[in-house]
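Participant: Below is the structure I would like to discuss, written out as structure tokens.
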Amino acid sequence: MPTLNLAPASVKDYRRLAERRMPRFLFDYLDGGAYGEVTLARNVADFERLALHQRILKDVSARTTSARLFGAELTFPLALSPVGLSGMMARRGEAAARRVANGFGIPYCLSTLSVCSLEEVGAAATGPFWFQLYMIRDRGACADLIARAKAAGASVLVLTVDLPVVGARYRDVRNTMSGGGGLWADLRKGPISYVLHPAWVIDVGLRGGPHVLGNVSPYVKNASTPADFSAWANSQIDPAISWADLDWIRKEWGGPFVIKGILSPEDAEEAARAGVDGIIVSNHGGRQLDGVASSISMLPRIAEKVSGKLTILIDGGVRSGQDVLKALALGADGAMMGRPWVYALAGAGEKGLSNLLKAFLDEFSVSMALTGVTDTSQIGPAVLDQASGIAM
Ligand code: FNR
């Protein structure tokens, strides 16, 4: 007998709901990766290939899942990665994500390229709120964004460094979303995709506006269509950024400073020398340099170089509470997820995201118990079965 699919349980379930609800070009923008999507698939597959090491009879009746990141006590060591345009995928998506994440006791990281502004998200909840910055050629705009992030109560600045140029995403090319043309530019003309997704049109398209990019709109002159913003982002994200620029940003910011997009041990060491507070091991969810190794497969070599010198976070392919456990086992202090939180929010609203976070927490806690650990601080390589893991 086929399973009754009455309630979503896993990330795959939420993905299906999001696919049903969102216009095709938006779903593809969220779901896809660069070129042949080889790295995107690797990110997930390499987590799956890691086997857990089951242990028994260890009194696991009391367990502590909490962890501290950048001075904040969290329900468990997970944060929501910055996802641009999430306010197009769910109604006021960025403010909603912060509300749910903070309600659950974990941090939310807001992208520079968001619909909801720093000010809107800043006022949406209380709890750890991080801001992700791209280095903007217009340094005045960049300094202003940093000042606004401080004023809005952001506690950590995350500088994304793996997008000095943009990797082509074939699904976006096919949908003509890349380059700011076609459907994307024609939002107001209502392509067929809108007709097929009336719930999104009413909830997000009509009731969820305005759909400008709230963080950057003060700096984009005469922008009226998403294509104008896209053109601005393509011309303003600075490909000349180098290690020498970090000092300027750190001085402007003055708080915990994290670099996102580290995928090599050499760069991790350079980041430690530069004195940053943390790194996010990431390949941008397989959306940039297709063909690079998965984040999780690079983590052990990176942790070996910089463990104890800075906070190590990882994203790319985290699809369950077990994956959070696996990331900690290989040297991360915390894990982050991108697409899954948007699938849940876009597919099933704030309740959906809240349920997904609860599922991750439960799975993390149960997996701790069944690998014989009772406190987050005890998680190490011993929870993995080295013999059947990926080649490190
Ligand atoms: C992203 N990501 C991203 N990262 C960032 O630093 N700034 C951004 O604006 C965006 N925008 C963005 C849009 C979309 C649609 C996706 C899917 C991703 C990358 C994101 O923060 C994170 O690194 C990956 O999503 C992690 O991989 P998973 O969890 O999606 O597999």
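Convention: chains lettered A, B, ... in structure tokens order; per-chain residue numbering from 1; ligands numbered from 1 as shown.
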Using only C-alpha atoms and all ligand atoms, what are the residues with an atom within 8 Å of ligand 1, set out as a count of residues only?
Facilitator: 43
Participant: Residues within 10 Å of Asp138 in chain A, please, as a list in words. Count only C-alpha atoms; anything in the same chain fewer than 5 positions from it doesn't count.
Facilitator: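 Those residues are Ala143, Tyr219, Gln236, Ile237 and Asp238 of chain A.
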Participant: Per residue of range 78-174 of chain A within 12 Å of range 361-380 of chain A, note the shortest atom pair and the distance in Å to one decimal, counting only C-alpha atoms, and order the rows by chain and increasing residue number, as JSON lines.
Facilitator:
```
{"residue": "A:Leu78", "atom": "CA", "partner": "A:Leu361", "partner_atom": "CA", "distance": 9.0}
{"residue": "A:Ala79", "atom": "CA", "partner": "A:Leu361", "partner_atom": "CA", "distance": 11.9}
{"residue": "A:Phe104", "atom": "CA", "partner": "A:Leu361", "partner_atom": "CA", "distance": 9.8}
{"residue": "A:Gly105", "atom": "CA", "partner": "A:Leu361", "partner_atom": "CA", "distance": 11.0}
{"residue": "A:Ile106", "atom": "CA", "partner": "A:Leu361", "partner_atom": "CA", "distance": 10.8}
```
Participant: How about saving the chosen residues, N, CA and C atoms kept, as a short mmCIF file (atom, residue, chain, number, x, y, z; two decimals), in the first residue's frame?
Facilitator:
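Produced file part_28.cif, reproduced below:
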```cif
data_model
loop_
_atom_site.label_atom_id
_atom_site.label_comp_id
_atom_site.auth_asym_id
_atom_site.auth_seq_id
_atom_site.Cartn_x
_atom_site.Cartn_y
_atom_site.Cartn_z
N LEU A 78 23.18 24.85 15.12
CA LEU A 78 22.74 25.01 13.73
C LEU A 78 22.36 26.47 13.50
N ALA A 79 22.62 26.98 12.30
CA ALA A 79 22.19 28.34 11.94
C ALA A 79 21.65 28.31 10.52
N PHE A 104 13.23 29.48 17.95
CA PHE A 104 13.75 28.14 18.22
C PHE A 104 15.09 28.17 18.94
N GLY A 105 15.67 29.37 19.05
CA GLY A 105 16.95 29.49 19.76
C GLY A 105 18.17 29.24 18.91
N ILE A 106 18.06 29.55 17.60
CA ILE A 106 19.23 29.45 16.72
C ILE A 106 19.35 30.73 15.89
#
```
Participant: Which residues are near range 16-24 of chain A? Cut-off 6 Å, only C-alpha atoms, ignore same chain within fewer than 3 positions. Put them as an NGL selection string.
Facilitator: :A and (13 or 27 or 193-194 or 197 or 343 or 346-347)
Participant: State, in Å with one decimal place, the distance from CA of Ala96 in chain A to CA of Arg169 in chain A.
Facilitator: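 Atom-to-atom, CA of Ala96 in chain A and CA of Arg169 in chain A are spaced 27.0 Å apart.
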